[in-house]
Amino acid sequence: MSSTISNFKIIDLNTYLQYYPPESILSDLSSFGYREGCDELYRFIQESYDENGMRRDNLIDFEKKHLCRVYFVLGDKIKGTANHCVLKLKDGNYPVYGYFSIAVKTLFKDNIDGAQTILPVKTINVYLIGHLCKNASYNWDKGGKYMLQQCFEIIKSVHQKIGMEYILIECEPTLIGYYSNQNFEKIGENTRTHLCQMICKVIKE
């Protein structure tokens with residue numbers, strides 16, 4: 001679906017939940033099912049269980065436990081909801097073009113293959129850009145870069161108050177080139193998930 005957006009609207013889930021019940025956002029975002037471009041978001045929202053029958057945390061749980069903050073990138077207000085993944089706000093319906101999450105994570109050098117020569121200490125707290133997902137239903141060529149820029153702006157504002165030097169992204173090997181072009185440097189592999197771990201400094205020197 002091709003689309004031209006004149007204005008972006010970013011809303012964080014924490015603020016959303018102050019005005020709307022959790023069931024509202026689950027209903028809005030789950031109604032499209034496994035529509036193309038929304039699969040990852042749907043999996044993050046729906047109730048699921050591991051192989052032992054234990055319920056996995058979903059998007060609402062992460063927010064309520066303050067494990068991360070989730071942000072939605074919304075396009076221009078539309079009429080109706082047909083063929084769109086939307087958030088229904090008081091002033092209208094907004095298509096969801098993507099979402100991202102930001103958290104804090106502790107890195108241990110011994111758990112990262114290849115990190116010995118890059119990280120300055122054995123244990124370090126970093127900002128983690130977790131989910132960074134663009135809705136593939138829209139032809140939004142610079143969507144990933146735009147969301148990454150929004151992540152940086154939010155992190156920089158927090159950095160001025162509490163510090164921490166590095167930003168971490170964990171990604172599939174196919175995305176190493178993309179994030180390298182965004183000033184991230186590979187430090188190794190997560191020994192549990194086998195995702196590539198890449199970092200960059202909050203403030204470029």
# chains A, B, ... in the order shown; residues from 1 in each chain; ligands from 1
call {"tool": "closest_atom_pairs", "arguments": {"of": "segment 60-168 of chain A", "to": "segment 181-185 of chain A", "cutoff": "9 Å", "atoms": "only C-alpha atoms", "output": "Markdown table"}}
result
| residue | atom | partner | partner_atom | distance |
| --- | --- | --- | --- | --- |
| A:Lys145 | CA | A:Gln182 | CA | 8.4 |
| A:Leu148 | CA | A:Gln182 | CA | 8.8 |
| A:Ile167 | CA | A:Phe184 | CA | 8.6 |
| A:Leu168 | CA | A:Phe184 | CA | 8.3 |
call {"tool": "closest_residue", "arguments": {"among": "A:Val158, A:Leu175, A:Ala103, A:Ala136", "to": "Lys65 of chain A", "atoms": "only C-alpha atoms"}}
result
A:Ala103
call {"tool": "residues_around", "arguments": {"residues": "Ile199 of chain A", "least_positions_apart": "4", "cutoff": "10 Å", "atoms": "only C-alpha atoms", "output": "PyMOL selection string"}}
result
chain A and resi 118-119+126-128+165-170+179-180+183-188
call {"tool": "write_last_selection", "arguments": {"atoms": "N, CA and C atoms", "output": "PDB file, in the first residue's frame"}}
result
ATOM      1  N   ILE A 118      36.062  -4.474  22.883  1.00  0.00           N
ATOM      2  CA  ILE A 118      35.273  -3.279  22.590  1.00  0.00           C
ATOM      3  C   ILE A 118      34.680  -2.661  23.846  1.00  0.00           C
ATOM      4  N   LEU A 119      34.007  -3.463  24.670  1.00  0.00           N
ATOM      5  CA  LEU A 119      33.405  -2.920  25.882  1.00  0.00           C
ATOM      6  C   LEU A 119      34.488  -2.579  26.902  1.00  0.00           C
ATOM      7  N   VAL A 126      23.334  -0.602  29.410  1.00  0.00           N
ATOM      8  CA  VAL A 126      23.163   0.053  28.112  1.00  0.00           C
ATOM      9  C   VAL A 126      21.683   0.279  27.844  1.00  0.00           C
ATOM     10  N   TYR A 127      21.398   1.198  26.941  1.00  0.00           N
ATOM     11  CA  TYR A 127      20.033   1.347  26.423  1.00  0.00           C
ATOM     12  C   TYR A 127      19.817   0.266  25.374  1.00  0.00           C
ATOM     13  N   LEU A 128      18.706  -0.408  25.444  1.00  0.00           N
ATOM     14  CA  LEU A 128      18.379  -1.451  24.469  1.00  0.00           C
ATOM     15  C   LEU A 128      17.223  -0.984  23.590  1.00  0.00           C
ATOM     16  N   GLU A 165      26.458   5.172  28.459  1.00  0.00           N
ATOM     17  CA  GLU A 165      27.199   5.592  27.278  1.00  0.00           C
ATOM     18  C   GLU A 165      26.771   4.925  25.990  1.00  0.00           C
ATOM     19  N   TYR A 166      26.251   3.702  26.057  1.00  0.00           N
ATOM     20  CA  TYR A 166      26.045   2.917  24.844  1.00  0.00           C
ATOM     21  C   TYR A 166      24.570   2.575  24.585  1.00  0.00           C
ATOM     22  N   ILE A 167      24.280   2.359  23.298  1.00  0.00           N
ATOM     23  CA  ILE A 167      22.983   1.864  22.835  1.00  0.00           C
ATOM     24  C   ILE A 167      23.207   0.501  22.197  1.00  0.00           C
ATOM     25  N   LEU A 168      22.369  -0.455  22.533  1.00  0.00           N
ATOM     26  CA  LEU A 168      22.493  -1.823  22.022  1.00  0.00           C
ATOM     27  C   LEU A 168      21.322  -2.175  21.119  1.00  0.00           C
ATOM     28  N   ILE A 169      21.631  -2.869  20.041  1.00  0.00           N
ATOM     29  CA  ILE A 169      20.612  -3.481  19.186  1.00  0.00           C
ATOM     30  C   ILE A 169      20.993  -4.941  18.981  1.00  0.00           C
ATOM     31  N   GLU A 170      20.010  -5.829  19.057  1.00  0.00           N
ATOM     32  CA  GLU A 170      20.231  -7.239  18.756  1.00  0.00           C
ATOM     33  C   GLU A 170      19.458  -7.560  17.483  1.00  0.00           C
ATOM     34  N   TYR A 179      22.600  -1.697  10.055  1.00  0.00           N
ATOM     35  CA  TYR A 179      22.897  -0.998  11.301  1.00  0.00           C
ATOM     36  C   TYR A 179      24.331  -0.463  11.320  1.00  0.00           C
ATOM     37  N   SER A 180      25.228  -1.097  10.583  1.00  0.00           N
ATOM     38  CA  SER A 180      26.585  -0.551  10.461  1.00  0.00           C
ATOM     39  C   SER A 180      26.538   0.829   9.806  1.00  0.00           C
ATOM     40  N   ASN A 183      25.920   3.657  12.198  1.00  0.00           N
ATOM     41  CA  ASN A 183      26.983   3.872  13.203  1.00  0.00           C
ATOM     42  C   ASN A 183      27.020   2.839  14.318  1.00  0.00           C
ATOM     43  N   PHE A 184      26.364   1.694  14.141  1.00  0.00           N
ATOM     44  CA  PHE A 184      26.487   0.613  15.113  1.00  0.00           C
ATOM     45  C   PHE A 184      27.673  -0.271  14.754  1.00  0.00           C
ATOM     46  N   GLU A 185      28.294  -0.844  15.782  1.00  0.00           N
ATOM     47  CA  GLU A 185      29.448  -1.723  15.599  1.00  0.00           C
ATOM     48  C   GLU A 185      29.153  -3.075  16.233  1.00  0.00           C
ATOM     49  N   LYS A 186      29.424  -4.141  15.515  1.00  0.00           N
ATOM     50  CA  LYS A 186      29.161  -5.472  16.044  1.00  0.00           C
ATOM     51  C   LYS A 186      30.143  -5.799  17.158  1.00  0.00           C
ATOM     52  N   ILE A 187      29.599  -6.294  18.287  1.00  0.00           N
ATOM     53  CA  ILE A 187      30.466  -6.696  19.394  1.00  0.00           C
ATOM     54  C   ILE A 187      30.458  -8.202  19.604  1.00  0.00           C
ATOM     55  N   GLY A 188      29.594  -8.906  18.905  1.00  0.00           N
ATOM     56  CA  GLY A 188      29.570 -10.349  19.057  1.00  0.00           C
ATOM     57  C   GLY A 188      28.170 -10.907  18.905  1.00  0.00           C
TER      58      GLY A 188
END
call {"tool": "select_by_dssp", "arguments": {"residues": "segment 94-167 of chain A", "states": "strand (DSSP E or B)", "output": "number ranges by chain"}}
result
A: 94-108, 112-113, 123-134, 139, 166-167
call {"tool": "atom_distance", "arguments": {"atom1": "atom CA of Glu172 of chain A", "atom2": "atom CA of Ile154 of chain A"}}
result
24.0 Å
call {"tool": "residues_around", "arguments": {"residues": "Pro22 of chain A", "least_positions_apart": "6", "cutoff": "10 Å", "atoms": "only C-alpha atoms", "output": "JSON, numbers by chain"}}
result
{"A": [13, 16, 59, 60, 61]}
call {"tool": "write_last_selection", "arguments": {"atoms": "N, CA and C atoms", "output": "PDB file, in the first residue's frame"}}
result
ATOM      1  N   LEU A  13       2.921   3.789  24.759  1.00  0.00           N
ATOM      2  CA  LEU A  13       1.883   2.923  25.312  1.00  0.00           C
ATOM      3  C   LEU A  13       1.561   3.282  26.755  1.00  0.00           C
ATOM      4  N   TYR A  16      -0.921   5.976  26.652  1.00  0.00           N
ATOM      5  CA  TYR A  16      -2.174   5.424  26.123  1.00  0.00           C
ATOM      6  C   TYR A  16      -2.962   4.717  27.221  1.00  0.00           C
ATOM      7  N   LEU A  59       2.923  -7.331  25.355  1.00  0.00           N
ATOM      8  CA  LEU A  59       3.190  -5.906  25.320  1.00  0.00           C
ATOM      9  C   LEU A  59       2.672  -5.194  26.564  1.00  0.00           C
ATOM     10  N   ILE A  60       1.452  -5.503  26.988  1.00  0.00           N
ATOM     11  CA  ILE A  60       0.862  -4.864  28.161  1.00  0.00           C
ATOM     12  C   ILE A  60       1.652  -5.219  29.420  1.00  0.00           C
ATOM     13  N   ASP A  61       2.059  -6.473  29.544  1.00  0.00           N
ATOM     14  CA  ASP A  61       2.813  -6.914  30.718  1.00  0.00           C
ATOM     15  C   ASP A  61       4.145  -6.170  30.828  1.00  0.00           C
TER      16      ASP A  61
END
call {"tool": "residues_around", "arguments": {"residues": "Lys77 of chain A", "least_positions_apart": "3", "cutoff": "7 Å", "atoms": "only C-alpha atoms", "output": "list in words"}}
result
Gly92, Asn93 and Tyr94 of chain A
call {"tool": "closest_residue", "arguments": {"among": "A:Leu17, A:Tyr99, A:Thr123, A:His66", "to": "Gly144 of chain A", "atoms": "only C-alpha atoms"}}
result
A:Tyr99
